[in-house]
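Visitor: The structure is given below, and queries will be raised subsequently.
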Amino acid sequence: MELNTVIKTGTWSDAADRINSNFSKTSTEVEKIKLSSTRSKGLYPTIEALKAAIPSPVVGDWAIVGKTIPGPIFHCETKGVWSATGMNGGGGSIDLSGYVIAEEIDDVTSIL
């Protein structure tokens, strides 16, 4: 995050604009940190799939929706309601259990 330099010799209006811009950038970064907590519910291809899998989210829960990462972040700020944050994210570790199915193979000659 790059913050604006507040110039002491400028006008009050210029300084206020730069300070407000810095607060906005800082607020965005703080929100990203909040969303990176351990309340991640994983990756879902659509918002419908997310709502079907977790119909009653708890405040603080969040998930990535889409088929690529980074993808749109959905967050629960009101109990039971998923809302788009307007931000994209993802990466790190995502629990794919339930999406990836492993099959034990006893005889490798049968799959050739």
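For the structure tokens, the naming scheme is as follows: chains receive sequential letters (A, B, ...) according to their order of presentation, residues are indexed from 1 within each chain, and ligands are indexed from 1 in presentation order.
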Can you check which residues of stretch 44-74 of chain A DSSP gives as strand (DSSP E) on the backbone and send them as number ranges by chain?

Guide: A: 44, 62-65, 71-74

Visitor: Kindly export the residues of the current selection with N, CA and C atoms, as a PDB file, in the first residue's frame.

Guide:
```
ATOM      1  N   TYR A  44     -16.291 -21.523  -3.845  1.00  0.00           N
ATOM      2  CA  TYR A  44     -17.531 -22.028  -4.428  1.00  0.00           C
ATOM      3  C   TYR A  44     -17.673 -21.477  -5.838  1.00  0.00           C
ATOM      4  N   TRP A  62     -16.523 -15.877   5.650  1.00  0.00           N
ATOM      5  CA  TRP A  62     -16.317 -15.342   4.311  1.00  0.00           C
ATOM      6  C   TRP A  62     -15.948 -16.480   3.378  1.00  0.00           C
ATOM      7  N   ALA A  63     -16.127 -16.245   2.091  1.00  0.00           N
ATOM      8  CA  ALA A  63     -15.831 -17.266   1.087  1.00  0.00           C
ATOM      9  C   ALA A  63     -15.487 -16.579  -0.230  1.00  0.00           C
ATOM     10  N   ILE A  64     -14.795 -17.321  -1.074  1.00  0.00           N
ATOM     11  CA  ILE A  64     -14.484 -16.859  -2.423  1.00  0.00           C
ATOM     12  C   ILE A  64     -15.483 -17.523  -3.362  1.00  0.00           C
ATOM     13  N   VAL A  65     -16.048 -16.740  -4.275  1.00  0.00           N
ATOM     14  CA  VAL A  65     -17.021 -17.267  -5.234  1.00  0.00           C
ATOM     15  C   VAL A  65     -16.471 -17.057  -6.635  1.00  0.00           C
ATOM     16  N   GLY A  71     -10.852 -14.368  -6.707  1.00  0.00           N
ATOM     17  CA  GLY A  71     -12.261 -14.294  -7.057  1.00  0.00           C
ATOM     18  C   GLY A  71     -12.983 -13.351  -6.113  1.00  0.00           C
ATOM     19  N   PRO A  72     -14.232 -13.039  -6.415  1.00  0.00           N
ATOM     20  CA  PRO A  72     -15.012 -12.142  -5.556  1.00  0.00           C
ATOM     21  C   PRO A  72     -15.169 -12.704  -4.139  1.00  0.00           C
ATOM     22  N   ILE A  73     -15.008 -11.830  -3.160  1.00  0.00           N
ATOM     23  CA  ILE A  73     -15.131 -12.223  -1.755  1.00  0.00           C
ATOM     24  C   ILE A  73     -16.547 -11.903  -1.276  1.00  0.00           C
ATOM     25  N   PHE A  74     -17.178 -12.898  -0.663  1.00  0.00           N
ATOM     26  CA  PHE A  74     -18.471 -12.706  -0.016  1.00  0.00           C
ATOM     27  C   PHE A  74     -18.261 -12.840   1.481  1.00  0.00           C
TER      28      PHE A  74
END
```

Visitor: Compile the contact shell of A:Ile7 as a list of chain:residue names: residues with an atom at most 9 Å away, counting only C-alpha atoms, same-chain residues fewer than 5 positions apart removed.

Guide: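 Returned residues: A:Asp14, A:Ala15, A:Arg18.
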
Visitor: Residues of the last selection are to be written out with N, CA and C atoms, as a PDB file, in the first residue's frame.

Guide:
```pdb
ATOM      1  N   ASP A  14      -5.584  20.738   0.015  1.00  0.00           N
ATOM      2  CA  ASP A  14      -4.733  19.679  -0.553  1.00  0.00           C
ATOM      3  C   ASP A  14      -4.337  18.671   0.517  1.00  0.00           C
ATOM      4  N   ALA A  15      -3.947  19.181   1.691  1.00  0.00           N
ATOM      5  CA  ALA A  15      -3.541  18.287   2.786  1.00  0.00           C
ATOM      6  C   ALA A  15      -4.715  17.406   3.216  1.00  0.00           C
ATOM      7  N   ARG A  18      -5.307  14.605   0.718  1.00  0.00           N
ATOM      8  CA  ARG A  18      -4.289  13.551   0.831  1.00  0.00           C
ATOM      9  C   ARG A  18      -4.503  12.713   2.087  1.00  0.00           C
TER      10      ARG A  18
END
```

Visitor: For a test of reading the model, state the distance in Å between atom CA of A:Met87 and atom CA of A:Asn20, rounded to one decimal.

Guide: 20.2 Å

Visitor: What does the structure give for the distance between atom CA of A:Glu77 and atom CA of A:Val59, in Å to one decimal?

Guide: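 Separation of atom CA of A:Glu77 and atom CA of A:Val59: 5.0 Å.
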
Visitor: In Å, rounded to a single decimal, give me how far atom CA of A:Ser24 is from atom CA of A:Arg39.

Guide: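 Between these atoms lies a distance of 24.3 Å.
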
Visitor: Nearest to A:Gly89: which of A:Cys76, A:Leu43, A:Ala52, A:Val58 is it, counting only C-alpha atoms?

Guide: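 That would be A:Leu43, the residue with the smallest distance to A:Gly89.
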
Visitor: Could you list, as a PyMOL selection string, every residue within 6 Å of A:Gly66, counting only C-alpha atoms and ignoring same-chain residues fewer than 2 positions away?

Guide: chain A and resi 45-46+68+71

Visitor: Just N, CA, C and O atoms for this one: save the residues we selected as a short mmCIF file (atom, residue, chain, number, x, y, z; two decimals), in the first residue's frame.

Guide:
```cif
data_model
loop_
_atom_site.label_atom_id
_atom_site.label_comp_id
_atom_site.auth_asym_id
_atom_site.auth_seq_id
_atom_site.Cartn_x
_atom_site.Cartn_y
_atom_site.Cartn_z
N PRO A 45 -18.16 -22.28 -6.78
CA PRO A 45 -18.23 -21.82 -8.18
C PRO A 45 -19.26 -20.71 -8.40
O PRO A 45 -19.08 -19.88 -9.28
N THR A 46 -20.33 -20.68 -7.61
CA THR A 46 -21.38 -19.67 -7.75
C THR A 46 -21.88 -19.26 -6.38
O THR A 46 -21.71 -19.99 -5.40
N THR A 68 -12.08 -19.00 -10.61
CA THR A 68 -10.66 -18.65 -10.63
C THR A 68 -10.31 -17.91 -9.36
O THR A 68 -11.17 -17.34 -8.70
N GLY A 71 -10.85 -14.37 -6.71
CA GLY A 71 -12.26 -14.29 -7.06
C GLY A 71 -12.98 -13.35 -6.11
O GLY A 71 -12.42 -12.91 -5.11
#
```
